[in-house]
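Next comes target-v9.cif, a file with mmCIF, C-alpha atoms.
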data_protein
#
loop_
_atom_site.label_atom_id
_atom_site.label_comp_id
_atom_site.auth_asym_id
_atom_site.auth_seq_id
_atom_site.Cartn_x
_atom_site.Cartn_y
_atom_site.Cartn_z
CA MET A 259 -20.45 -2.82 7.70
CA LEU A 260 -20.53 0.99 7.65
CA GLN A 261 -23.26 0.90 10.31
CA SER A 262 -20.45 0.37 12.84
CA ALA A 263 -19.22 3.75 14.09
CA ASP A 264 -15.80 2.31 14.96
CA PHE A 265 -15.34 0.85 11.50
CA ARG A 266 -16.46 4.11 9.89
CA VAL A 267 -13.77 6.08 11.73
CA ILE A 268 -10.96 3.71 10.79
CA TRP A 269 -12.34 3.67 7.23
CA TYR A 270 -12.22 7.49 7.07
CA VAL A 271 -8.70 7.49 8.51
CA GLY A 272 -7.55 5.02 5.89
CA SER A 273 -9.16 7.03 3.09
CA LEU A 274 -7.54 10.32 4.11
CA GLY A 275 -4.19 8.66 4.80
CA GLU A 276 -4.08 7.09 1.36
CA PHE A 277 -5.25 10.32 -0.26
CA GLY A 278 -2.38 12.22 1.36
CA ARG A 279 0.17 9.54 0.55
CA ARG A 280 -0.81 9.29 -3.11
CA MET A 281 -1.01 13.04 -3.54
CA GLU A 282 2.44 13.51 -2.04
CA MET A 283 3.87 10.73 -4.23
CA LEU A 284 2.60 12.45 -7.37
CA VAL A 285 3.79 15.91 -6.30
CA VAL A 286 7.25 14.68 -5.30
CA SER A 287 7.62 12.48 -8.41
CA TRP A 288 6.72 15.39 -10.70
CA LEU A 289 9.07 17.68 -8.81
CA VAL A 290 11.98 15.22 -9.06
CA LEU A 291 11.30 14.70 -12.77
CA GLN A 292 11.32 18.47 -13.36
CA LEU A 293 14.46 19.00 -11.25
CA THR A 294 16.57 16.15 -12.59
CA ASP A 295 15.01 14.94 -15.88
CA SER A 296 16.28 11.51 -14.79
CA TYR A 297 14.26 8.28 -14.95
CA PHE A 298 16.63 6.67 -12.48
CA GLN A 299 16.10 9.40 -9.87
CA LEU A 300 12.35 9.26 -10.54
CA GLY A 301 12.57 5.58 -9.62
CA LEU A 302 14.46 6.46 -6.44
CA VAL A 303 11.36 8.25 -5.13
CA LEU A 304 9.56 4.91 -4.81
CA ALA A 305 12.76 3.11 -3.78
CA PHE A 306 13.26 5.38 -0.76
CA ASN A 307 9.54 5.22 0.02
CA ASN A 308 9.71 1.43 0.34
CA LEU A 309 13.15 1.15 1.92
CA PRO A 310 11.88 1.30 5.54
CA ARG A 311 9.53 -1.68 5.13
CA PRO A 312 12.10 -4.50 5.24
CA MET A 313 14.08 -2.61 7.88
CA VAL A 314 11.35 -2.07 10.49
CA SER A 315 8.22 -4.00 9.56
CA MET A 316 8.94 -7.05 11.71
CA PHE A 317 9.24 -4.76 14.71
CA THR A 318 6.08 -2.84 13.81
CA GLY A 319 4.20 -6.14 13.65
CA TYR A 320 5.47 -6.90 17.14
CA ILE A 321 4.35 -3.42 18.25
CA ALA A 322 0.89 -4.06 16.77
CA ASP A 323 0.56 -7.12 19.02
CA ARG A 324 1.85 -5.38 22.15
CA PHE A 325 0.70 -1.74 22.22
CA PRO A 326 -2.61 0.14 21.77
CA ARG A 327 -3.09 0.24 18.03
CA ALA A 328 -4.76 3.67 17.99
CA LYS A 329 -1.70 5.23 19.66
CA VAL A 330 0.66 3.55 17.19
CA MET A 331 -1.32 5.05 14.33
CA MET A 332 -1.28 8.51 15.90
CA VAL A 333 2.50 8.43 16.28
CA SER A 334 2.93 7.62 12.59
CA GLN A 335 0.54 10.38 11.56
CA THR A 336 2.37 12.92 13.73
CA ILE A 337 5.55 12.15 11.79
CA ASN A 338 3.65 12.83 8.54
CA VAL A 339 2.55 16.23 9.84
CA LEU A 340 6.08 17.21 10.86
CA THR A 341 7.59 16.06 7.56
CA SER A 342 5.08 18.00 5.45
CA THR A 343 5.55 21.11 7.60
CA THR A 344 9.31 21.02 7.06
CA LEU A 345 9.10 20.58 3.28
CA LEU A 346 6.46 23.31 2.96
CA ALA A 347 8.67 25.71 4.91
CA VAL A 348 11.66 25.04 2.62
CA ILE A 349 9.62 25.33 -0.59
CA ALA A 350 7.86 28.52 0.55
CA TYR A 351 11.09 30.17 1.77
CA ASP A 352 13.21 29.55 -1.33
CA PHE A 353 12.29 27.03 -4.01
CA ASP A 354 15.90 26.99 -5.28
CA LEU A 355 17.00 25.43 -1.99
CA ILE A 356 15.13 22.20 -2.81
CA LYS A 357 17.49 19.32 -3.57
CA PRO A 358 16.48 15.83 -4.68
CA TRP A 359 17.81 14.28 -1.48
CA TYR A 360 15.37 16.39 0.58
CA LEU A 361 12.55 14.76 -1.33
CA PHE A 362 14.05 11.28 -1.02
CA ALA A 363 14.30 11.82 2.74
CA ALA A 364 10.64 12.88 2.89
CA MET A 365 9.63 9.76 0.95
CA PHE A 366 11.69 7.62 3.33
CA LEU A 367 9.82 9.06 6.31
CA GLN A 368 6.48 8.58 4.58
CA GLY A 369 7.41 4.95 3.98
CA LEU A 370 8.44 4.61 7.61
CA THR A 371 5.08 5.85 8.87
CA LYS A 372 3.28 3.54 6.44
CA ALA A 373 5.29 0.58 7.74
CA ILE A 374 4.48 1.57 11.33
CA GLU A 375 0.77 2.07 10.68
CA ASP A 376 -0.16 -0.81 8.37
CA PRO A 377 0.05 -3.79 10.76
CA SER A 378 -1.79 -1.89 13.49
CA ARG A 379 -4.53 -0.58 11.21
CA ARG A 380 -5.18 -3.86 9.38
CA THR A 381 -5.28 -5.92 12.57
CA ALA A 382 -7.49 -3.25 14.16
CA ILE A 383 -9.99 -3.78 11.34
CA PHE A 384 -10.04 -7.50 12.20
CA ASP A 385 -10.53 -6.66 15.89
CA ILE A 386 -13.50 -4.44 15.05
CA VAL A 387 -15.38 -6.65 12.58
CA GLY A 388 -14.32 -10.23 13.40
CA PRO A 389 -13.47 -13.08 10.98
CA ARG A 390 -16.91 -13.53 9.37
CA LYS A 391 -16.93 -10.01 7.96
CA LEU A 392 -13.19 -9.75 7.32
CA VAL A 393 -13.21 -10.02 3.51
CA ASN A 394 -16.05 -7.51 3.24
CA ALA A 395 -14.28 -5.12 5.60
CA LEU A 396 -10.95 -5.45 3.79
CA SER A 397 -12.74 -4.91 0.48
CA LEU A 398 -14.19 -1.68 1.86
CA ASP A 399 -10.70 -0.79 3.07
CA VAL A 400 -9.46 -1.32 -0.47
CA VAL A 401 -12.32 0.93 -1.61
CA SER A 402 -11.12 3.65 0.78
CA ASN A 403 -7.54 3.20 -0.37
CA ASN A 404 -8.62 3.53 -3.96
CA LEU A 405 -10.73 6.60 -3.32
CA GLY A 406 -7.54 8.14 -2.00
CA LYS A 407 -5.50 6.62 -4.80
CA MET A 408 -7.82 8.14 -7.40
CA ALA A 409 -8.36 11.55 -5.83
CA GLY A 410 -4.84 12.13 -4.46
CA PRO A 411 -2.90 12.23 -7.76
CA VAL A 412 -5.67 14.14 -9.55
CA VAL A 413 -5.84 16.84 -6.87
CA GLY A 414 -2.05 16.91 -6.65
CA GLY A 415 -1.68 17.41 -10.41
CA ILE A 416 -4.32 20.14 -10.52
CA LEU A 417 -2.72 21.99 -7.59
CA VAL A 418 0.78 21.76 -9.10
CA ASP A 419 -0.55 23.26 -12.37
CA THR A 420 -2.65 25.97 -10.69
CA ALA A 421 -1.05 26.78 -7.32
CA GLY A 422 2.50 25.51 -7.73
CA PHE A 423 4.37 23.22 -5.38
CA THR A 424 3.85 25.59 -2.44
CA GLY A 425 0.07 25.48 -2.78
CA ALA A 426 0.12 21.72 -3.24
CA TYR A 427 2.12 21.14 -0.07
CA ALA A 428 0.03 23.60 1.95
CA PHE A 429 -3.07 21.62 1.03
CA LEU A 430 -1.31 18.34 1.81
CA LEU A 431 -0.36 19.58 5.28
CA SER A 432 -4.00 20.44 6.02
CA VAL A 433 -5.00 16.88 5.08
CA HIS A 434 -2.42 15.38 7.44
CA VAL A 435 -3.48 17.63 10.32
CA TYR A 436 -7.17 16.80 9.86
CA ASN A 437 -6.42 13.07 9.77
CA LEU A 438 -4.45 13.35 13.01
CA VAL A 439 -7.45 15.00 14.66
CA LEU A 440 -9.76 12.30 13.29
CA MET A 441 -7.56 9.59 14.82
CA THR A 442 -8.38 10.84 18.30
CA ARG A 443 -11.87 9.35 17.80
CA LEU A 444 -10.60 5.81 17.16
CA ARG A 445 -12.05 3.10 19.40
CA ILE A 446 -10.50 -0.35 18.91
CA PRO A 447 -11.01 -3.55 20.92
CA GLY A 448 -8.28 -3.54 23.53
CA TYR A 449 -6.48 -6.79 22.74
CA GLN A 450 -2.93 -6.55 24.09
CA GLY A 451 -1.52 -9.98 23.20
CA PRO A 452 -0.95 -13.01 25.40
CA ALA A 453 -0.21 -12.53 29.08
CA ASN A 454 3.29 -14.02 28.81
CA ILE A 455 5.17 -11.64 26.53
CA GLU A 456 8.10 -13.23 24.69
CA PRO A 457 11.36 -11.37 24.05
CA VAL A 458 11.16 -9.55 20.72
CA TRP A 459 13.53 -11.81 18.76
CA ARG A 460 11.87 -14.98 20.00
CA SER A 461 8.48 -13.46 19.24
CA LEU A 462 9.50 -12.60 15.69
CA GLY A 463 11.01 -16.05 15.27
CA THR A 464 7.67 -17.55 16.24
CA ALA A 465 5.96 -15.70 13.38
CA VAL A 466 8.62 -16.74 10.85
CA LYS A 467 8.48 -20.40 11.93
CA PHE A 468 4.71 -20.48 11.72
CA ALA A 469 4.75 -18.92 8.23
CA TRP A 470 7.39 -21.41 7.04
CA ARG A 471 5.17 -24.34 8.08
CA SER A 472 2.17 -22.95 6.17
CA PRO A 473 2.23 -23.70 2.40
CA ALA A 474 -0.41 -21.03 1.80
CA LEU A 475 1.63 -18.35 3.56
CA VAL A 476 4.86 -19.40 1.85
CA GLY A 477 3.17 -19.13 -1.54
CA LEU A 478 1.57 -15.81 -0.67
CA PHE A 479 4.79 -14.24 0.61
CA TYR A 480 6.71 -15.50 -2.44
CA ILE A 481 4.18 -13.99 -4.87
CA THR A 482 4.17 -10.76 -2.83
CA ILE A 483 7.94 -10.41 -3.26
CA VAL A 484 7.74 -11.16 -7.00
CA MET A 485 4.97 -8.64 -7.59
CA ASN A 486 6.54 -5.85 -5.56
CA THR A 487 9.88 -6.38 -7.28
CA LEU A 488 8.79 -6.78 -10.89
CA ALA A 489 5.21 -5.50 -11.28
CA PHE A 490 4.16 -2.63 -9.04
CA PRO A 491 7.30 -0.47 -9.59
CA PHE A 492 6.04 0.33 -13.11
CA GLN A 493 3.45 2.67 -11.55
CA GLN A 494 6.26 4.99 -10.48
CA PHE A 495 7.14 5.64 -14.12
CA ILE A 496 3.66 6.70 -15.22
CA PRO A 497 4.62 10.42 -14.87
CA ALA A 498 7.53 9.87 -17.27
CA ILE A 499 5.35 7.98 -19.75
CA GLY A 500 2.72 10.72 -19.53
CA ARG A 501 5.19 13.56 -20.01
CA ASP A 502 7.63 12.05 -22.52
CA HIS A 503 5.59 9.41 -24.39
CA LEU A 504 2.05 10.81 -24.35
CA GLY A 505 2.98 14.51 -24.12
CA VAL A 506 0.66 15.60 -21.28
CA GLY A 507 1.08 17.85 -18.24
CA ALA A 508 0.78 17.37 -14.48
CA THR A 509 -3.03 17.38 -14.35
CA MET A 510 -3.42 14.68 -17.02
CA VAL A 511 -0.55 12.71 -15.51
CA GLY A 512 -2.34 12.82 -12.17
CA LEU A 513 -5.46 11.40 -13.80
CA LEU A 514 -3.38 8.68 -15.45
CA VAL A 515 -1.76 7.75 -12.13
CA ALA A 516 -5.26 7.49 -10.66
CA ALA A 517 -6.50 5.17 -13.43
CA ASP A 518 -5.75 1.86 -11.74
CA GLY A 519 -7.56 3.20 -8.68
CA PHE A 520 -10.79 3.24 -10.68
CA GLY A 521 -10.25 -0.43 -11.52
CA GLN A 522 -9.41 -1.30 -7.93
CA LEU A 523 -12.55 0.46 -6.76
CA ALA A 524 -14.68 -1.60 -9.14
CA GLY A 525 -13.00 -4.85 -8.11
CA ALA A 526 -13.24 -4.05 -4.42
CA GLY A 527 -16.91 -3.19 -4.75
CA ILE A 528 -17.60 -6.61 -6.24
CA MET A 529 -15.76 -8.38 -3.42
CA ALA A 530 -17.37 -6.20 -0.74
CA VAL A 531 -20.79 -7.60 -1.61
CA SER A 532 -19.62 -11.16 -2.26
CA ARG A 533 -20.74 -13.94 0.10
CA ASP A 534 -19.21 -17.25 1.10
CA LEU A 535 -16.00 -16.62 -0.83
CA ARG A 536 -13.84 -19.73 -0.27
CA PHE A 537 -10.99 -19.59 -2.81
CA HIS A 538 -9.23 -16.49 -1.51
CA GLY A 539 -5.88 -17.62 -2.90
CA ARG A 540 -7.27 -18.08 -6.40
CA VAL A 541 -8.42 -14.47 -6.51
CA PHE A 542 -4.98 -13.41 -5.23
CA VAL A 543 -3.02 -15.37 -7.88
CA LEU A 544 -5.24 -14.47 -10.85
CA GLY A 545 -5.18 -10.83 -9.81
CA SER A 546 -1.37 -10.96 -9.88
CA VAL A 547 -1.36 -12.41 -13.42
CA GLY A 548 -3.77 -9.70 -14.57
CA VAL A 549 -1.55 -6.90 -13.23
CA LEU A 550 1.50 -8.27 -15.05
CA LEU A 551 -0.32 -8.68 -18.37
CA MET A 552 -1.90 -5.21 -18.29
CA GLY A 553 1.40 -3.65 -17.26
CA MET A 554 3.10 -5.10 -20.30
CA LEU A 555 0.39 -3.77 -22.62
CA PHE A 556 -0.02 -0.27 -21.20
CA ALA A 557 3.69 0.52 -21.59
CA TRP A 558 3.40 0.41 -25.40
CA SER A 559 0.04 2.17 -25.78
CA PRO A 560 0.33 5.18 -28.14
CA TRP A 561 -2.93 6.81 -27.02
CA TYR A 562 -3.87 8.41 -23.73
CA ALA A 563 -7.38 6.89 -23.61
CA LEU A 564 -6.10 3.36 -24.27
CA THR A 565 -3.38 3.78 -21.65
CA PHE A 566 -5.99 4.91 -19.14
CA GLY A 567 -8.19 1.91 -19.95
CA LEU A 568 -5.37 -0.63 -19.61
CA LEU A 569 -4.31 0.85 -16.26
CA THR A 570 -7.93 0.61 -15.11
CA LEU A 571 -8.00 -3.10 -15.99
CA SER A 572 -4.72 -3.51 -14.12
CA GLY A 573 -6.42 -1.98 -11.10
CA ILE A 574 -9.11 -4.67 -11.12
CA GLY A 575 -6.40 -7.32 -10.85
CA GLN A 576 -4.62 -5.36 -8.15
CA SER A 577 -7.86 -5.18 -6.16
CA GLY A 578 -8.00 -8.97 -5.96
CA PHE A 579 -4.33 -9.10 -5.09
CA SER A 580 -4.41 -6.53 -2.27
CA THR A 581 -7.69 -7.63 -0.69
CA MET A 582 -6.81 -11.32 -0.58
CA GLN A 583 -3.22 -10.65 0.42
CA SER A 584 -4.37 -9.37 3.81
CA ALA A 585 -7.31 -11.77 4.08
CA VAL A 586 -5.20 -14.90 3.50
CA THR A 587 -2.50 -13.69 5.88
CA MET A 588 -4.91 -13.10 8.75
CA LEU A 589 -7.18 -16.09 8.19
CA ALA A 590 -4.17 -18.42 8.05
CA THR A 591 -2.67 -17.01 11.27
CA PRO A 592 -3.56 -17.47 14.96
CA HIS A 593 -4.85 -14.36 16.72
CA ASP A 594 -1.86 -14.09 19.08
CA ILE A 595 0.65 -13.53 16.26
CA ARG A 596 -1.57 -11.83 13.68
CA GLY A 597 0.07 -8.42 14.05
CA ARG A 598 3.54 -9.93 13.68
CA MET A 599 2.43 -11.86 10.60
CA MET A 600 1.16 -8.62 9.06
CA GLY A 601 4.56 -7.17 9.88
CA LEU A 602 6.22 -10.08 8.09
CA LEU A 603 3.94 -9.44 5.11
CA SER A 604 5.04 -5.81 5.16
CA VAL A 605 8.67 -6.96 5.06
CA CYS A 606 7.90 -8.99 1.94
CA ILE A 607 6.13 -6.02 0.35
CA GLY A 608 9.11 -3.75 0.89
CA ALA A 609 11.94 -6.25 0.37
CA GLY A 610 11.91 -6.23 -3.41
CA THR A 611 10.55 -2.80 -4.28
CA PRO A 612 13.71 -0.67 -3.79
CA LEU A 613 15.81 -3.07 -5.87
CA GLY A 614 13.08 -3.53 -8.49
CA VAL A 615 12.35 0.15 -9.03
CA ALA A 616 16.06 1.05 -9.12
CA GLU A 617 16.69 -1.69 -11.70
CA MET A 618 13.70 -0.57 -13.76
CA GLY A 619 14.85 3.04 -13.64
CA ALA A 620 18.38 2.09 -14.74
CA VAL A 621 17.07 0.03 -17.68
CA ALA A 622 14.64 2.82 -18.60
CA GLY A 623 17.46 5.35 -18.64
CA ALA A 624 19.72 3.09 -20.70
CA VAL A 625 17.13 1.75 -23.18
CA SER A 626 13.51 2.86 -22.75
CA ILE A 627 10.69 2.80 -20.22
CA GLN A 628 8.67 0.43 -22.41
CA VAL A 629 11.45 -2.16 -22.61
CA ALA A 630 12.12 -1.92 -18.86
CA ILE A 631 8.47 -2.53 -17.94
CA SER A 632 8.02 -5.35 -20.48
CA LEU A 633 11.12 -7.25 -19.36
CA ASN A 634 10.07 -7.06 -15.73
CA ALA A 635 6.51 -8.19 -16.51
CA LEU A 636 7.76 -11.21 -18.48
CA ALA A 637 10.11 -12.15 -15.64
CA GLY A 638 7.24 -11.80 -13.17
CA LEU A 639 4.97 -14.13 -15.15
CA PHE A 640 7.74 -16.74 -15.36
CA LEU A 641 8.45 -16.56 -11.62
CA LEU A 642 4.77 -16.94 -10.73
CA LEU A 643 4.62 -20.41 -12.30
CA PRO A 644 6.21 -22.32 -9.38
CA ALA A 645 3.78 -20.79 -6.87
CA MET A 646 0.82 -21.50 -9.12
CA VAL A 647 1.79 -25.17 -9.39
CA LEU A 648 3.22 -25.94 -5.95
CA SER A 649 1.23 -23.81 -3.49
CA PRO A 650 -2.38 -24.55 -2.47
CA LEU A 651 -3.49 -20.99 -3.21
CA LEU A 652 -5.08 -21.81 -6.57
CA TRP A 653 -6.46 -25.22 -5.74
CA LYS A 654 -7.71 -25.33 -2.15
CA PRO A 655 -10.20 -23.19 -0.21
CA LEU A 656 -8.83 -21.35 2.81
CA VAL A 657 -10.19 -22.06 6.28
CA GLN A 658 -9.43 -19.91 9.33
CA VAL A 659 -6.80 -21.66 11.46
CA GLU A 660 -8.61 -21.04 14.77
CA PRO A 661 -11.66 -19.21 16.12
CA ASP A 662 -11.03 -15.61 17.07
CA PRO A 663 -11.00 -15.22 20.87
CA ILE A 664 -12.72 -11.84 20.87
CA PRO A 665 -16.53 -11.95 20.40
CA ASN A 666 -17.60 -9.91 17.40
CA SER A 667 -20.03 -7.89 19.48
CA GLU A 668 -17.50 -6.97 22.16
CA VAL A 669 -16.04 -3.54 21.48
CA VAL A 670 -14.21 -1.76 24.25
CA ALA A 671 -12.04 1.31 24.13
CA GLU A 672 -8.30 0.85 24.19
CA PRO A 673 -6.59 2.24 27.27
CA GLY A 674 -5.81 5.86 26.54
CA ALA A 675 -7.80 5.96 23.28
CA ASN A 676 -10.23 8.82 22.77
#
The structure given in the file should be rewritten as structure tokens.
Amino acid sequence: MLQSADFRVIWYVGSLGEFGRRMEMLVVSWLVLQLTDSYFQLGLVLAFNNLPRPMVSMFTGYIADRFPRAKVMMVSQTINVLTSTTLLAVIAYDFDLIKPWYLFAAMFLQGLTKAIEDPSRRTAIFDIVGPRKLVNALSLDVVSNNLGKMAGPVVGGILVDTAGFTGAYAFLLSVHVYNLVLMTRLRIPGYQGPANIEPVWRSLGTAVKFAWRSPALVGLFYITIVMNTLAFPFQQFIPAIGRDHLGVGATMVGLLVAADGFGQLAGAGIMAVSRDLRFHGRVFVLGSVGVLLMGMLFAWSPWYALTFGLLTLSGIGQSGFSTMQSAVTMLATPHDIRGRMMGLLSVCIGAGTPLGVAEMGAVAGAVSIQVAISLNALAGLFLLLPAMVLSPLLWKPLVQVEPDPIPNSEVVAEPGAN
């Protein structure tokens, strides 16, 4: 897979992008916790980060099917550079000027760029490697995400402890600038969608109607909403658990935040070398159950090492979830609407997270973080039962709905791509 120069570039871009995103999330979360000492406002960091997804993702899926995907990715990365430059200037000029809403606004813009980039980047991977190598390529993409997920918080925590928030943001800006330069080397097959372009609302309606008629997609989108509402928000409260429950500083908190990345890396490595995987949905569902169970256990762990280990096991489950989430979506979707379907998936990812993390933060502030995480995990397990029984994800192998129209060996540069 990595023998392909085009795949290597998009793999590097994904790695650096996730590194920067995870580093910034740790730095901003620690800064908000220090400024406000509020679990609810700590939760708002992730809430604002995910707020753009349900607002714009259907349109970004449409964009992914209609415009050169490399250019779409470059636009989103340019916004990241400008946002980091602005925050660095404010922090360096006068740290006392920083207000929580500045940081929430930065997280909103980071979420916006992620929503813009995701459908284009994931469908570009499919365009580069073709359907036969899709699971392997997405597993390697998960590997790259997890390299960033592991390194980003660790580097962010170390820089906060040693160079302060100014040094951390200066380093983050250099990462964003380098990734923007790297994107100029992207070469993606130049699929531009069908010749007859539908109006945007009709086009989006086509994607929704197709998904509604597919039991596999209905089950997958339902589980995605449940998990992003009740399971994944607990990761935002790891800094609070590290500081207030385990009594560690920013560096050790950064390592704890990176723990599930180690598990995801291990799980993705296994799937990257797997062959003839047929039950994609089964891996997706069982990974979801594993995340919920490990989340419930880690919240009550009294020891740092045990907490780290449980979060690592949670990462293995999340690896199956995230890899098969994209694989099932694309394999169950015709090529002409694949970008829009990835946009619809992005809507489902973002739809529940702001509400879920705000609710979890409110419960944590009123009772405790442990109770908040446990109640959400129990609710998530209960809500997964209908999908496990009624959808075909657990019980039937997934077959691609139609052959991909682009030959795997045909790779041409997009118009205007460098």
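You will find atom CA of Thr570 of chain A at 22.4 Å from atom CA of Gly614 of chain A.
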Select from segment 324-363 of chain A every residue with an atom at most 12 Å from any atom of segment 281-303 of chain A, then for each give the shortest pair of atoms and their distance in Å to one decimal, using only C-alpha atoms, rows by chain and rising number, as CSV.
residue,atom,partner,partner_atom,distance
A:Asn338,CA,A:Glu282,CA,10.7
A:Thr341,CA,A:Glu282,CA,11.2
A:Ser342,CA,A:Glu282,CA,9.1
A:Leu345,CA,A:Val286,CA,10.6
A:Leu346,CA,A:Glu282,CA,11.7
A:Ile349,CA,A:Leu289,CA,11.2
A:Phe353,CA,A:Leu289,CA,11.0
A:Asp354,CA,A:Leu293,CA,10.1
A:Leu355,CA,A:Leu293,CA,11.6
A:Ile356,CA,A:Leu293,CA,9.1
A:Lys357,CA,A:Leu293,CA,8.3
A:Pro358,CA,A:Val290,CA,6.3
A:Trp359,CA,A:Val303,CA,9.6
A:Tyr360,CA,A:Val286,CA,10.2
A:Leu361,CA,A:Val286,CA,6.6
A:Phe362,CA,A:Val303,CA,5.8
A:Ala363,CA,A:Val303,CA,9.1
What are the closest atom pairs, with distances in Å to one decimal, for each residue of segment 573-593 of chain A lying within 12 Å of segment 463-477 of chain A, using all atoms listed in the file, rows by chain and rising residue number, as a Markdown table?
| residue | atom | partner | partner_atom | distance |
| --- | --- | --- | --- | --- |
| A:Met582 | CA | A:Leu475 | CA | 11.7 |
| A:Gln583 | CA | A:Leu475 | CA | 9.6 |
| A:Ser584 | CA | A:Leu475 | CA | 10.8 |
| A:Ala585 | CA | A:Leu475 | CA | 11.1 |
| A:Val586 | CA | A:Leu475 | CA | 7.7 |
| A:Thr587 | CA | A:Leu475 | CA | 6.6 |
| A:Met588 | CA | A:Leu475 | CA | 9.9 |
| A:Leu589 | CA | A:Leu475 | CA | 10.2 |
| A:Ala590 | CA | A:Leu475 | CA | 7.3 |
| A:Thr591 | CA | A:Phe468 | CA | 8.2 |
| A:Pro592 | CA | A:Phe468 | CA | 9.4 |
| A:His593 | CA | A:Ala465 | CA | 11.4 |
Take the residues just selected and output them with C-alpha atoms as a JSON list (two decimals), in the frame of the given file.
[["chain", "number", "residue", "atom", "x", "y", "z"],
["A", 582, "MET", "CA", -6.81, -11.32, -0.58],
["A", 583, "GLN", "CA", -3.22, -10.65, 0.42],
["A", 584, "SER", "CA", -4.37, -9.37, 3.81],
["A", 585, "ALA", "CA", -7.31, -11.77, 4.08],
["A", 586, "VAL", "CA", -5.20, -14.90, 3.50],
["A", 587, "THR", "CA", -2.50, -13.69, 5.88],
["A", 588, "MET", "CA", -4.91, -13.10, 8.75],
["A", 589, "LEU", "CA", -7.18, -16.09, 8.19],
["A", 590, "ALA", "CA", -4.17, -18.42, 8.05],
["A", 591, "THR", "CA", -2.67, -17.01, 11.27],
["A", 592, "PRO", "CA", -3.56, -17.47, 14.96],
["A", 593, "HIS", "CA", -4.85, -14.36, 16.72]]
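Between atom CA of Ala305 of chain A and atom CA of Phe366 of chain A the interatomic distance comes to 8.5 Å.
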*Could you tell me which residues the PyMOL selection byres ((chain A and resi 650) around 10) returns for this structure, as a count of residues only?*
21
Which polymer residues have any atom within 9 Å of an atom of segment 506-519 of chain A, counting all atoms listed in the file, with same-chain residues fewer than 2 positions away left out, as an mmCIF file with C-alpha atoms, in the coordinates of the input?
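Result file follows (result-v4.cif):
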data_model
loop_
_atom_site.group_PDB
_atom_site.id
_atom_site.type_symbol
_atom_site.label_atom_id
_atom_site.label_comp_id
_atom_site.auth_asym_id
_atom_site.auth_seq_id
_atom_site.Cartn_x
_atom_site.Cartn_y
_atom_site.Cartn_z
ATOM 1 C CA ARG A 280 -0.810 9.290 -3.110
ATOM 2 C CA MET A 281 -1.010 13.040 -3.540
ATOM 3 C CA LEU A 284 2.600 12.450 -7.370
ATOM 4 C CA VAL A 285 3.790 15.910 -6.300
ATOM 5 C CA TRP A 288 6.720 15.390 -10.700
ATOM 6 C CA VAL A 401 -12.320 0.930 -1.610
ATOM 7 C CA ASN A 403 -7.540 3.200 -0.370
ATOM 8 C CA ASN A 404 -8.620 3.530 -3.960
ATOM 9 C CA LEU A 405 -10.730 6.600 -3.320
ATOM 10 C CA GLY A 406 -7.540 8.140 -2.000
ATOM 11 C CA LYS A 407 -5.500 6.620 -4.800
ATOM 12 C CA MET A 408 -7.820 8.140 -7.400
ATOM 13 C CA ALA A 409 -8.360 11.550 -5.830
ATOM 14 C CA GLY A 410 -4.840 12.130 -4.460
ATOM 15 C CA PRO A 411 -2.900 12.230 -7.760
ATOM 16 C CA VAL A 412 -5.670 14.140 -9.550
ATOM 17 C CA VAL A 413 -5.840 16.840 -6.870
ATOM 18 C CA GLY A 414 -2.050 16.910 -6.650
ATOM 19 C CA GLY A 415 -1.680 17.410 -10.410
ATOM 20 C CA ILE A 416 -4.320 20.140 -10.520
ATOM 21 C CA LEU A 417 -2.720 21.990 -7.590
ATOM 22 C CA VAL A 418 0.780 21.760 -9.100
ATOM 23 C CA ASP A 419 -0.550 23.260 -12.370
ATOM 24 C CA GLN A 493 3.450 2.670 -11.550
ATOM 25 C CA GLN A 494 6.260 4.990 -10.480
ATOM 26 C CA ILE A 496 3.660 6.700 -15.220
ATOM 27 C CA PRO A 497 4.620 10.420 -14.870
ATOM 28 C CA ALA A 498 7.530 9.870 -17.270
ATOM 29 C CA ILE A 499 5.350 7.980 -19.750
ATOM 30 C CA GLY A 500 2.720 10.720 -19.530
ATOM 31 C CA ARG A 501 5.190 13.560 -20.010
ATOM 32 C CA ASP A 502 7.630 12.050 -22.520
ATOM 33 C CA HIS A 503 5.590 9.410 -24.390
ATOM 34 C CA LEU A 504 2.050 10.810 -24.350
ATOM 35 C CA GLY A 521 -10.250 -0.430 -11.520
ATOM 36 C CA GLN A 522 -9.410 -1.300 -7.930
ATOM 37 C CA LEU A 523 -12.550 0.460 -6.760
ATOM 38 C CA ALA A 524 -14.680 -1.600 -9.140
ATOM 39 C CA TYR A 562 -3.870 8.410 -23.730
ATOM 40 C CA THR A 565 -3.380 3.780 -21.650
ATOM 41 C CA PHE A 566 -5.990 4.910 -19.140
ATOM 42 C CA GLY A 567 -8.190 1.910 -19.950
ATOM 43 C CA LEU A 568 -5.370 -0.630 -19.610
ATOM 44 C CA LEU A 569 -4.310 0.850 -16.260
ATOM 45 C CA THR A 570 -7.930 0.610 -15.110
ATOM 46 C CA LEU A 571 -8.000 -3.100 -15.990
ATOM 47 C CA SER A 572 -4.720 -3.510 -14.120
ATOM 48 C CA GLY A 573 -6.420 -1.980 -11.100
ATOM 49 C CA ILE A 574 -9.110 -4.670 -11.120
ATOM 50 C CA GLN A 576 -4.620 -5.360 -8.150
ATOM 51 C CA SER A 577 -7.860 -5.180 -6.160
#
Around segment 485-496 of chain A, fit a box with edges along x, y and z, padding it by 5 Å on each side, then list its centre and edge lengths in Å to one decimal as AutoDock Vina command-line options.
--center_x 6.7 --center_y -1.0 --center_z -10.4 --size_x 16.4 --size_y 25.3 --size_z 19.7
